[in-house]
Each structure stands twice: as C-alpha cells, then as structure tokens.
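Peer 1: The structure follows.
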Amino acid sequence: MIELIATAESVEQGKSLLSVGIDTLYIGEDEFGLRLPSSFSREEIEEMTCFAHQQHKRICVAVNALMHNDRIEKIIPYLMFLQSIGVDAMTVGDPGVIHLLKKHCIDVPFIYDAQTMVTSARQVNFWAQRGAVGAVVARELPYAELASIAQQVIVPVEVLVYGATCIQQSKRSLVENYFSFTHQDGQQQPLFISEPKKDNTHYSIYEDCNGTHIFATNDVNLLPLLDKLVATGLTQWKLDGIFTKGQPFVDIASLFVEARRAFAEQRWTEEVREQLNNRLLALHPHERSVDEGFFLKEPNDVK
Amino acid sequence: MGITAKRVITKKPEVLAPAGTLEKLKTAIRYGADAVYIGGNAYGLRSRAGNFTYDEMREGVAFANKANAKVYVAANMVAHEGDVDGAGAFFRTLRDIGIRAVIVSDPALIEICATEAPGLPIHLSTQASATNYETLNFWQSEGLERVVLAREVGIAEIKEIRQKTDIEIEAFIHGAMCISYSGRCVLSNHMSERDANRGGCTQSCRWKYGLFDMEESGERHSLLGGDTLEEFSMSAVDMSMIRHIPDLVDSGIDSFKIEGRMKSIHYVSTVSNVYRRAIDAYCDDPDNYECKQEWEDELWKVAQRELATGFYYGTPTERGQLFGKPRKIQAYSFIGQILAYNEETQIATIQQRNHFGLGDEVEFYGPRFTHSHQTIDVLWNEHDEPIERAPNAMMIVKTKVTVPVKSFDMIRKKK
C-alpha cells in the first residue's frame, strides 16, 4: 500500500491535507528540523498530532538538522515531548540524536534522513540495524539505483514525488553577507540565484536558523512517472510544500491521492496521467518550473 | 627562593599533511608532518589528486615508518549502488600494507571496513559533518578511533566536545574550505552532472551568480549591485590558524589537519614546516610563546586566497568570502629542489622545477625552518658547462651557494 506523506504549513492546512487523503503529515520546529514550510510551536505539534490520531492518520516530525552542542543539549526535552504526545515517527540525520535516544531510553521511531548522504541500500540497512524504521533517500538517485535499493533494503524508504530539492546547506549567512558587502538592505521576498551563462535558471535561496539553503532550479514532479515508481516497489511518497503554499498544495496532494486510487483500481492510463499532470502544472506556482529531477538519468550520466 | 620548573606540553598534537603523490608524502614528512593522508585508486574524493597504487603505498609506508610517521588513506566517497564492490579487499590490502587508518564518511564503507578488515582503524571524515559531542560518542560506540570535525565547529565547541568525549579529535587548521557543510552540497551534481560526493566537485560555489526576486508572472528584479558592482558569490576565503596555535592545542585537538591533496610540494613543504615549528615552539615553552611574523610571512608565499579563521571564532561574515577585487598576493614560483651539496666546493646540485637563471634573486629553505637568500651568479648544466638559464623541466643544474644547503632543501623566487 502506498503511503502519502506531505508537509503542512499550518494546523489548518494539515487538516485539509488529511481530509483529501494524505496519510502522514510531516511537520516540526525549525530549530531541529530542516527546511519546513513553517515552524510549528509545540502546542501546534500537539494539536496536529491529536487531530491526526483521531482520524487514524500519522504524524512524522522533522528532527533532521545538523546539531551543534547547544542544540544537542536542548533537544532532549524536545524528544521527550515528542514521545509524550505520541508522534508516530521522526526523521533524524545526526547520529548524535540516535545516540541520545538510546542513552535516555526515548522511544520515538526514527527514519534516517541525512539528505544528500543517503545513497545506497547498504547504508540504509546500516541505520536500520541501529534502530531506524525507515530512511529518506537522496534526491540525486536515478531510477535504476532506486530500483536496486528497493530490492535490498530491510526498511521502507521514502522518495520525493513532488516539491523542491535542497542542493546546498551552508552554515554561513550567504545572502546577508552579500547584502552587507554591497551595502543593501536585507530583502524579505523570495530570492533566487541564476547560474552564469544560464540566465533562465532560478535556484531558490534563503536563510534561517540552520544557515543558508539553496534549492534546485526545478522542483521535482514524478506524477507523470508514477508507473515507473510503482514498478520499483517504493511505496512511501513524499510531497514537500515549502514553495507551494496554501490550497494549491492541498489540491496537488489530492492529485497524488487520485493517482494512488487509479493504481489500486488498475486504471492508470496515459489519459489519466496526462489529465492529472495537466491539473498539477496549472496548480504549480507559475514562476517555478518542474522536472523529474535525477529520476530519468542513467547511473553513468553523473560522473 | 623556590625553583619554578618550566612548563612543557608533553602531549603534542599531530601535524597531518596532505600527500597527493609519493613525492609529496616524502616531502611532507621531511618537512615535519607526523602523519600524511593520501588517496587510493578508488573510494576517494579526489579523482584528480594523483592517487596511490598499492606499490606506491608500500613505498610510502616504508618511508614513513623510518621517520616514525603515519600514513592514512582517505576513502571518503558517498557510495551509490555498486560503488562499494571490492571495498573489503581494498581495506584488507591497506591494512596489510601498514596503512595506519582510513578516513571514511559513508556508513556503508565504515561497516565494510569494520567487518572485513578488522584491525584497520577508522576515522570519520569531515564529509560526515560531525558537529556535536553526542555524534562523536555515537561513532566511538561504533568502534571508530577518531572523528574529523566539521569545519563549522568553533573553539568553544571543541573544548566542550573534548570534555564530554574521549575519542580522538582531528580538525582542519589550514587550507581551502567548502562554503557548505561538507557533504551537504550537490551543486556540481545539479549544475554539471558531476558528483561532489564522489570526487567530481566542480567548485560551483566559486562561480559568479545572478541574484533576484521574482513575481508570480516570472518577472525578475535583479538585486545585484548596491554600492559596488559585485555579482553574487559564495566563494570562501582560505583558512589559516597560525596565529592561534595556543587555542588549538589547549582545546584538546589531537590532530591538526592541513588541507590540499591537489597542492604542490612547494605548498606541502612550506605549510608543514611552519606548523611544525609553531607547535614545537608552543609546546616546548607555552608560557613564553609568541607567534612569529616570519611564520605568517612564509604561509603567504604559498597562499592563493585571503586567509581567515573559518568558524573557530564565530560564523564568518562577508569578510570570510571572496568579494570585491582580490588583494594582490605576492606569488612565488617553486624553481627547484636540492639533490646534493658539496661542502668543500659549496656547489649545490639542483633538480629544476621552474625556469630560472643568472641574476635571479632566490630563496633557499629547508626542514627545521632554515632559510637563506642569494642571487644566482653562476650556473652549470649536468656536463659542467656554464649556462645562463635553466629552462627545461626537471633538468639537473649546479650553482654555487653562499650558505650551506642540504639535499631536499627547496628553492623559490618571487614571480
């Protein structure tokens, strides 16, 4: 059975996402979780968890930041809080957190998520043997590698089917530093950078308490390729709404719910695919563009 | 009156130098490195760094053993499906050759090494971004011997890590820096189809970018400019911690790492020499230690970019990045290495590395920080025929020196 996981930017949006058929909401505080559409307060995390559980749905909390000493200290009460409200899982990317869970006997299932670093079945299984109940694979994996991973992993792995891909995290304030050097006022609006000699590119860039984040020029959209994804046997599909806000994101999520139904009822056709994809493209923010990421690359395309 | 014993620091940190080739390995050790790190023919991150065959490793280990130095092998790629084939045999061979540790970031490779080559110590690579003490405790519980810290960790954090762990700590003290958390950057993958975590980094962070905001219509407003005509860039200046040796030693770092497996023997010899000198001076008499200007001057002779202290004293501002017109750094060219010296005749035999000739002001330097300057006023080729210039790479020439030199001393001149 395919599990659909989606970020939520608010309790309200989370409720809408659950109502259209999303199984698991992905939320968190940005002090401990990376690149969330918005940072939830503990009250909101608790409210969202209660609501989801009433609906027999799941909550996964982002705890996948790289922790420095100050945070690895502060995170202990947070982990205990997550345990006390009974969240279903959390993502973790820093082995220090895994060490803490054991040391303090905190029992929250964790999904290994070290972003760009999670690239093979053997690595996923390493973390599974140390307690991970799942893993999030890097976005830089071609279809053939995903298929190979799917056959060997001993825990389920999550694949991004819709949303933005982070391609660099720096601890430095790269935008602020530029504005300081050029003596300009800081800019609040969404910012982009473009590659030299490729003026049409538009890599999103922003800063938060985890540093500066840069995203791929195109957001990922695997909707037209879901039959291939189904064939790999990978059944945990994540949608990331960091740059697709409000109702359009809920509507896009509902398209993936429809797609899942079509597969379950064995009526995924060229026509269904095209119809769903056209609706997605109409909902996707107009200034952003989509492609299939690394999914259609051959393993040898990237040297 | 009581006698106050002079304080001495007996637990000296290791000077760990990069060695892209066998010649660089030998040079680094001659110039004071306690250990060197090299790359094998697979599983590393420097596909273009000049990597070692097993035979070269054997020769390197034999050389290092004689000098009581250690050789580590970096096998720090982030492996994809199929990449780890043969890794067990690779690690076993390294262990049997006498490699003292491997530097690894991918847990798949860590597991293979631990299970298939027991007895070969494992060091966690900086690529794995270890930034807190519990992460070090985790890796110690996995049996690792040492963790190379992320470059984002500061002195105060290292002191706390030291208090709360007892695994060995290695930290970068000199060289080029990634602008990102190492390992958390795939700019090259997305912009150039080159995998940064498998040795393909194209240094996209050093490019010049546009910066703009964009309306829903797609209309863009450039934000480049302000007071200067500067494009957006994320290029980091290089790191040098020469002025802060006491802080580094006192923080409890076990191994001081110099970056640069792609760098020349000129670079490796100079930087190793300086840090060897500074660390010895501090540890021998910490209460009367002073950082010498000549050490810093020496580092500038091989510098390619501005130098700063990275994250050791806080998150770098714009001054930690390469903005604006680069300051002119006096470049030096490495012109030769001494092969032999005859004390009676004062004639030195030189292997040429860059063209030079009569009238050139040159500088000789050697291990233990020996230095001398002179003008070349006589030059012979290998048949003892007088010549005016030494134009050919690796040609053997002779000259008369005013101050005695030794084999493996180096010669440089201002460009």
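Here, A, B, ... name the chains of the structure tokens in the order displayed, residue numbers run from 1 inside each chain, and ligands are numbered from 1 in the same displayed order.
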If we count only C-alpha atoms, what is near Glu207 (chain A) at a cut-off of 9 Å, once residues fewer than 3 positions away on the same chain are taken out, given as a PyMOL selection string?
Peer 2: chain A and resi 172-176+210-213
Peer 1: Go ahead and save the picked residues with C-alpha atoms, as a compact mmCIF listing (two decimals), in the first residue's frame.
Peer 2:
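Saved file selection.txt follows:
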```txt
# COMPACT_ATOMS: atom_id res chain seq x y z
CA ARG A 172 27.12 30.90 6.70
CA SER A 173 24.66 33.72 6.03
CA LEU A 174 25.35 33.84 2.31
CA VAL A 175 22.58 36.28 1.40
CA GLU A 176 23.15 38.59 4.36
CA ASN A 210 20.11 26.40 10.24
CA GLY A 211 22.10 28.51 7.79
CA THR A 212 21.61 29.20 4.08
CA HIS A 213 19.72 26.78 1.86
```
Peer 1: Quick one: contact table of chain A to chain B, 6 Å max, nearest atom pair and distance in Å to one decimal per residue, counting only C-alpha atoms, chain and number order, as a Markdown table?
Peer 2:
```
| residue | atom | partner | partner_atom | distance |
| --- | --- | --- | --- | --- |
| A:His68 | CA | B:Asn132 | CA | 4.9 |
| A:Asn69 | CA | B:Asn132 | CA | 4.8 |
| A:Pro95 | CA | B:Thr135 | CA | 5.2 |
| A:Gly96 | CA | B:Thr135 | CA | 3.6 |
| A:His99 | CA | B:Phe138 | CA | 5.4 |
| A:Thr116 | CA | B:Arg184 | CA | 5.9 |
| A:Thr119 | CA | B:His80 | CA | 5.2 |
| A:Ser120 | CA | B:His80 | CA | 5.1 |
| A:Arg122 | CA | B:Ala108 | CA | 5.5 |
| A:Gln123 | CA | B:Ala108 | CA | 4.6 |
| A:Ile167 | CA | B:Val186 | CA | 5.1 |
| A:Gln168 | CA | B:Cys185 | CA | 4.2 |
| A:Gln169 | CA | B:Ser180 | CA | 5.5 |
| A:Ser170 | CA | B:Ser180 | CA | 3.8 |
| A:Asn177 | CA | B:Glu318 | CA | 4.4 |
| A:Thr182 | CA | B:Gly226 | CA | 5.0 |
| A:His183 | CA | B:Gly226 | CA | 5.9 |
| A:Gln184 | CA | B:Gly226 | CA | 5.6 |
| A:Pro190 | CA | B:Asp213 | CA | 5.9 |
| A:Leu191 | CA | B:Asp213 | CA | 4.6 |
| A:Phe192 | CA | B:Phe212 | CA | 5.4 |
| A:Ile193 | CA | B:Leu211 | CA | 4.4 |
| A:Ser194 | CA | B:Gly210 | CA | 4.8 |
| A:Glu195 | CA | B:Tyr209 | CA | 5.2 |
| A:Pro196 | CA | B:Tyr209 | CA | 5.6 |
| A:His286 | CA | B:Glu216 | CA | 5.8 |
| A:Glu287 | CA | B:Gly218 | CA | 4.5 |
| A:Val302 | CA | B:Glu193 | CA | 4.6 |
| A:Lys303 | CA | B:Arg194 | CA | 4.8 |
```
Peer 1: Could the residues in this selection be written to a file with N, CA and C atoms, as a short mmCIF file (atom, residue, chain, number, x, y, z; two decimals), in the first residue's frame?
Peer 2:
```cif
data_model
loop_
_atom_site.label_atom_id
_atom_site.label_comp_id
_atom_site.auth_asym_id
_atom_site.auth_seq_id
_atom_site.Cartn_x
_atom_site.Cartn_y
_atom_site.Cartn_z
N HIS A 68 24.59 21.35 16.56
CA HIS A 68 25.80 21.72 17.27
C HIS A 68 25.55 21.47 18.76
N ASN A 69 26.59 21.66 19.58
CA ASN A 69 26.48 21.31 21.01
C ASN A 69 25.25 21.90 21.68
N PRO A 95 23.79 11.48 13.83
CA PRO A 95 23.95 10.29 14.67
C PRO A 95 23.95 10.60 16.16
N GLY A 96 24.25 11.86 16.52
CA GLY A 96 24.21 12.25 17.93
C GLY A 96 22.82 12.08 18.51
N HIS A 99 22.23 8.51 19.25
CA HIS A 99 22.94 8.16 20.48
C HIS A 99 22.12 8.59 21.71
N THR A 116 21.49 14.57 1.28
CA THR A 116 22.35 14.20 0.15
C THR A 116 23.19 12.94 0.39
N THR A 119 22.49 7.25 -0.02
CA THR A 119 22.62 6.94 -1.44
C THR A 119 22.71 5.45 -1.78
N SER A 120 22.60 4.56 -0.79
CA SER A 120 22.69 3.14 -1.13
C SER A 120 21.89 2.30 -0.14
N ARG A 122 22.87 -0.44 1.23
CA ARG A 122 23.74 -0.89 2.31
C ARG A 122 23.79 0.16 3.43
N GLN A 123 23.81 1.44 3.02
CA GLN A 123 23.83 2.49 4.02
C GLN A 123 22.50 2.54 4.78
N ILE A 167 19.94 21.65 -2.54
CA ILE A 167 21.21 21.17 -3.11
C ILE A 167 22.44 21.72 -2.38
N GLN A 168 22.20 22.59 -1.40
CA GLN A 168 23.33 23.00 -0.58
C GLN A 168 22.85 23.62 0.72
N GLN A 169 23.50 23.24 1.82
CA GLN A 169 23.26 23.90 3.10
C GLN A 169 24.58 24.40 3.63
N SER A 170 24.63 25.71 3.85
CA SER A 170 25.84 26.33 4.40
C SER A 170 25.50 26.86 5.78
N ASN A 177 25.51 38.18 3.92
CA ASN A 177 26.89 38.59 3.66
C ASN A 177 27.00 39.39 2.37
N THR A 182 27.60 44.72 -0.24
CA THR A 182 27.16 45.71 -1.24
C THR A 182 26.36 46.84 -0.60
N HIS A 183 26.29 46.85 0.73
CA HIS A 183 25.55 47.88 1.46
C HIS A 183 24.11 48.04 0.98
N GLN A 184 23.41 46.92 0.94
CA GLN A 184 21.99 46.98 0.60
C GLN A 184 21.19 46.50 1.80
N PRO A 190 10.92 36.22 -1.62
CA PRO A 190 11.63 35.02 -2.08
C PRO A 190 12.76 35.39 -3.04
N LEU A 191 13.93 34.87 -2.78
CA LEU A 191 15.09 35.20 -3.60
C LEU A 191 15.54 33.99 -4.40
N PHE A 192 16.20 34.30 -5.52
CA PHE A 192 16.71 33.25 -6.40
C PHE A 192 18.11 33.64 -6.85
N ILE A 193 18.90 32.64 -7.19
CA ILE A 193 20.16 32.92 -7.88
C ILE A 193 20.12 32.23 -9.25
N SER A 194 20.87 32.80 -10.20
CA SER A 194 20.95 32.17 -11.53
C SER A 194 22.40 31.88 -11.85
N GLU A 195 22.60 30.80 -12.59
CA GLU A 195 23.96 30.38 -12.96
C GLU A 195 24.54 31.33 -13.99
N PRO A 196 25.87 31.48 -13.98
CA PRO A 196 26.50 32.26 -15.04
C PRO A 196 26.18 31.62 -16.40
N HIS A 286 3.48 29.60 -10.83
CA HIS A 286 3.83 29.88 -12.22
C HIS A 286 5.28 30.28 -12.42
N GLU A 287 5.85 30.93 -11.40
CA GLU A 287 7.23 31.39 -11.57
C GLU A 287 8.24 30.26 -11.39
N VAL A 302 26.02 10.89 -14.31
CA VAL A 302 26.66 11.75 -13.32
C VAL A 302 28.00 11.14 -12.96
N LYS A 303 29.06 11.87 -13.31
CA LYS A 303 30.40 11.30 -13.13
C LYS A 303 30.95 11.64 -11.75
#
```
Peer 1: Mind checking DSSP for region 32-269 of chain A and telling me the strand (DSSP E) residues as number ranges by chain?
Peer 2: A: 58-63, 89-92, 110-112, 132-136, 157-163, 166-170, 191-195, 198-208, 211-215, 218-221, 236-239
Peer 1: List as a PyMOL selection string the protein and nucleic acid residues near Ala117 (chain B), meaning an atom at most 12 Å away when only C-alpha atoms are counted, but skip any in the same chain fewer than 6 places from it.
Peer 2: chain B and resi 87-96+99+101-102+109-111
Peer 1: Dump N, CA and C atoms for the selected residues as a short mmCIF file (atom, residue, chain, number, x, y, z; two decimals), in the first residue's frame?
Peer 2:
```cif
data_model
loop_
_atom_site.label_atom_id
_atom_site.label_comp_id
_atom_site.auth_asym_id
_atom_site.auth_seq_id
_atom_site.Cartn_x
_atom_site.Cartn_y
_atom_site.Cartn_z
N ALA B 87 35.38 -3.29 -1.95
CA ALA B 87 35.91 -2.43 -0.88
C ALA B 87 36.53 -3.26 0.25
N GLY B 88 35.98 -4.44 0.52
CA GLY B 88 36.53 -5.28 1.59
C GLY B 88 37.97 -5.65 1.31
N ALA B 89 38.21 -6.10 0.08
CA ALA B 89 39.57 -6.49 -0.31
C ALA B 89 40.50 -5.27 -0.28
N PHE B 90 39.96 -4.13 -0.72
CA PHE B 90 40.73 -2.88 -0.70
C PHE B 90 41.20 -2.56 0.72
N PHE B 91 40.26 -2.59 1.66
CA PHE B 91 40.61 -2.25 3.06
C PHE B 91 41.60 -3.27 3.65
N ARG B 92 41.38 -4.54 3.32
CA ARG B 92 42.31 -5.56 3.84
C ARG B 92 43.72 -5.33 3.32
N THR B 93 43.80 -4.98 2.03
CA THR B 93 45.12 -4.73 1.46
C THR B 93 45.79 -3.54 2.15
N LEU B 94 45.02 -2.49 2.38
CA LEU B 94 45.60 -1.31 3.06
C LEU B 94 46.12 -1.70 4.44
N ARG B 95 45.31 -2.47 5.14
CA ARG B 95 45.72 -2.89 6.49
C ARG B 95 47.02 -3.68 6.43
N ASP B 96 47.11 -4.58 5.46
CA ASP B 96 48.29 -5.43 5.38
C ASP B 96 49.52 -4.67 4.91
N ILE B 99 48.99 0.69 6.35
CA ILE B 99 48.28 1.97 6.47
C ILE B 99 47.72 2.05 7.89
N ALA B 101 45.34 4.12 9.24
CA ALA B 101 43.90 4.33 9.40
C ALA B 101 43.31 4.72 8.06
N VAL B 102 42.00 4.52 7.92
CA VAL B 102 41.30 5.03 6.75
C VAL B 102 40.33 6.11 7.19
N LEU B 109 30.63 2.06 3.87
CA LEU B 109 32.07 1.75 3.81
C LEU B 109 32.65 1.53 5.21
N ILE B 110 32.12 2.26 6.18
CA ILE B 110 32.57 2.05 7.57
C ILE B 110 32.28 0.61 7.98
N GLU B 111 31.07 0.16 7.66
CA GLU B 111 30.69 -1.20 8.04
C GLU B 111 31.55 -2.25 7.33
#
```
Peer 1: Env of Leu36 (chain A): 12 Å cut, atoms = only C-alpha atoms, seq-sep filter 3 positions within chain, self excluded. Answer as an MDAnalysis selection string.
Peer 2: chainID A and resid 6:10 25:33 39:40 61:65 163:164 166 208:210 213 239:245
Peer 1: Got time to write the residues from that selection, C-alpha atoms, as a PDB file, in the first residue's frame?
Peer 2:
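Saved file selection-v2.pdb follows:
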```
ATOM      1  CA  ALA A   6       3.026  15.694   2.989  1.00  0.00           C
ATOM      2  CA  THR A   7       4.454  18.729   4.746  1.00  0.00           C
ATOM      3  CA  ALA A   8       1.941  21.023   6.445  1.00  0.00           C
ATOM      4  CA  GLU A   9       2.392  24.770   6.823  1.00  0.00           C
ATOM      5  CA  SER A  10      -0.319  25.166   9.486  1.00  0.00           C
ATOM      6  CA  LEU A  25       1.813  14.839   7.921  1.00  0.00           C
ATOM      7  CA  TYR A  26       5.411  15.996   8.116  1.00  0.00           C
ATOM      8  CA  ILE A  27       5.847  18.931  10.496  1.00  0.00           C
ATOM      9  CA  GLY A  28       8.291  20.282  13.066  1.00  0.00           C
ATOM     10  CA  GLU A  29      10.177  23.118  14.698  1.00  0.00           C
ATOM     11  CA  ASP A  30      12.827  24.671  12.505  1.00  0.00           C
ATOM     12  CA  GLU A  31      15.357  24.687  15.322  1.00  0.00           C
ATOM     13  CA  PHE A  32      15.573  20.907  14.972  1.00  0.00           C
ATOM     14  CA  GLY A  33      14.097  20.172  11.552  1.00  0.00           C
ATOM     15  CA  SER A  39       7.912  26.203  12.109  1.00  0.00           C
ATOM     16  CA  PHE A  40       5.240  24.704  14.361  1.00  0.00           C
ATOM     17  CA  VAL A  61       8.277  15.207  12.973  1.00  0.00           C
ATOM     18  CA  ALA A  62      11.389  16.657  11.350  1.00  0.00           C
ATOM     19  CA  VAL A  63      14.385  16.278  13.671  1.00  0.00           C
ATOM     20  CA  ASN A  64      16.865  16.065  10.822  1.00  0.00           C
ATOM     21  CA  ALA A  65      19.037  19.149  11.439  1.00  0.00           C
ATOM     22  CA  GLY A 163       8.489  19.546  -4.311  1.00  0.00           C
ATOM     23  CA  ALA A 164      11.765  21.385  -4.051  1.00  0.00           C
ATOM     24  CA  CYS A 166      17.806  21.318  -1.423  1.00  0.00           C
ATOM     25  CA  ASP A 208      17.115  30.565   8.624  1.00  0.00           C
ATOM     26  CA  CYS A 209      18.489  29.390  11.952  1.00  0.00           C
ATOM     27  CA  ASN A 210      20.114  26.398  10.236  1.00  0.00           C
ATOM     28  CA  HIS A 213      19.718  26.784   1.857  1.00  0.00           C
ATOM     29  CA  LEU A 239       5.267  15.819  -1.117  1.00  0.00           C
ATOM     30  CA  ASP A 240       7.125  18.928   0.012  1.00  0.00           C
ATOM     31  CA  GLY A 241       5.210  22.205   0.058  1.00  0.00           C
ATOM     32  CA  ILE A 242       7.957  24.564   1.076  1.00  0.00           C
ATOM     33  CA  PHE A 243       7.445  26.670  -2.064  1.00  0.00           C
ATOM     34  CA  THR A 244       3.868  25.672  -2.917  1.00  0.00           C
ATOM     35  CA  LYS A 245       1.638  27.310  -0.382  1.00  0.00           C
TER      36      LYS A 245
END
```
Peer 1: Extract the full set of helix (DSSP H, G or I) residues from region 171-399 of chain B according to DSSP on the backbone, and format it as a PyMOL selection string.
Peer 2: chain B and resi 187-192+196-198+204-206+242-250+265-284+286-288+293-300+318-320+367-369
Peer 1: List the spatial neighbours of region 230-237 of chain A as a PyMOL selection string - criterion: any atom at most 12 Å away, only C-alpha atoms, same-chain residues fewer than 4 positions off excluded.
Peer 2: chain A and resi 1-7+22-26+111+134-137+142-153+155-163+221-226+253+256-257+259-260+262-264+266+268+295
Peer 1: So the first atom is CA of His244 (chain B) and the second is CA of Ala33 (chain B); what is the distance between them in Å, to one decimal place?
Peer 2: 18.6 Å
Peer 1: Quote the spacing between CA of Gly60 (chain B) and CA of Ser269 (chain B) in Å to one decimal place.
Peer 2: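 Computing it gives 16.3 Å between the two atoms.
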Peer 1: Show which residues sit within 9 Å of Asp280 (chain B), as a JSON list (two decimals) with N, CA and C atoms, in the first residue's frame. Count only C-alpha atoms, and ignore same-chain residues fewer than 5 positions away.
Peer 2:
```
[["chain", "number", "residue", "atom", "x", "y", "z"],
["B", 12, "LYS", "N", 51.84, 16.53, 22.49],
["B", 12, "LYS", "CA", 51.81, 17.38, 21.30],
["B", 12, "LYS", "C", 50.80, 16.87, 20.30],
["B", 275, "TYR", "N", 53.85, 24.95, 10.53],
["B", 275, "TYR", "CA", 53.06, 24.47, 11.67],
["B", 275, "TYR", "C", 53.90, 23.58, 12.60],
["B", 285, "ASP", "N", 57.57, 25.63, 25.28],
["B", 285, "ASP", "CA", 57.59, 26.71, 26.27],
["B", 285, "ASP", "C", 56.32, 27.55, 26.14]]
```
Peer 1: Fewer than 2 positions away in the same chain doesn't count, so skip those; otherwise give me all residues within 12 Å of Cys50 (chain A), counting only C-alpha atoms, as a list in words.
Peer 2: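 The contact residues come out as Val11, Gly14, Lys15, Glu43, Glu44, Ile45, Glu46, Glu47, Met48, Ala52, His53, Gln54, Gln55, His56, Lys57, Arg58, Ile59, Ser84, Ile85, Gly86, Val87 and Asp88 of chain A.
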Peer 1: Selection from above, C-alpha atoms, as a CSV table (one decimal), in the first residue's frame, can you write it?
Peer 2:
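File written: part_24.csv
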```csv
chain,number,residue,atom,x,y,z
A,11,VAL,CA,-2.7,23.1,11.5
A,14,GLY,CA,-2.7,19.9,7.8
A,15,LYS,CA,-6.4,19.2,8.4
A,43,GLU,CA,1.2,23.4,21.1
A,44,GLU,CA,0.6,23.2,17.3
A,45,ILE,CA,2.5,19.9,17.0
A,46,GLU,CA,0.4,18.5,19.9
A,47,GLU,CA,-2.8,19.8,18.4
A,48,MET,CA,-1.9,18.4,14.9
A,52,ALA,CA,-4.4,13.2,13.0
A,53,HIS,CA,-4.7,10.4,15.5
A,54,GLN,CA,-8.4,10.9,15.8
A,55,GLN,CA,-8.5,10.4,12.0
A,56,HIS,CA,-6.3,7.4,12.3
A,57,LYS,CA,-3.6,9.2,10.5
A,58,ARG,CA,0.1,9.6,11.3
A,59,ILE,CA,2.5,12.4,12.3
A,84,SER,CA,4.9,12.1,25.4
A,85,ILE,CA,2.4,13.2,22.8
A,86,GLY,CA,2.9,10.0,20.9
A,87,VAL,CA,4.1,11.2,17.5
A,88,ASP,CA,4.4,8.2,15.1
```
Peer 1: For CA of Arg130 (chain A) and CA of Leu144 (chain B), quote the distance in Å rounded to one decimal.
Peer 2: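 About the pair CA of Arg130 (chain A) and CA of Leu144 (chain B): they are 15.6 Å apart.
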Peer 1: Of the candidates A:Lys171, A:Arg35, A:Arg273, A:His104, which one gets nearest to Met67 (chain A) if we count only C-alpha atoms?
Peer 2: A:Lys171
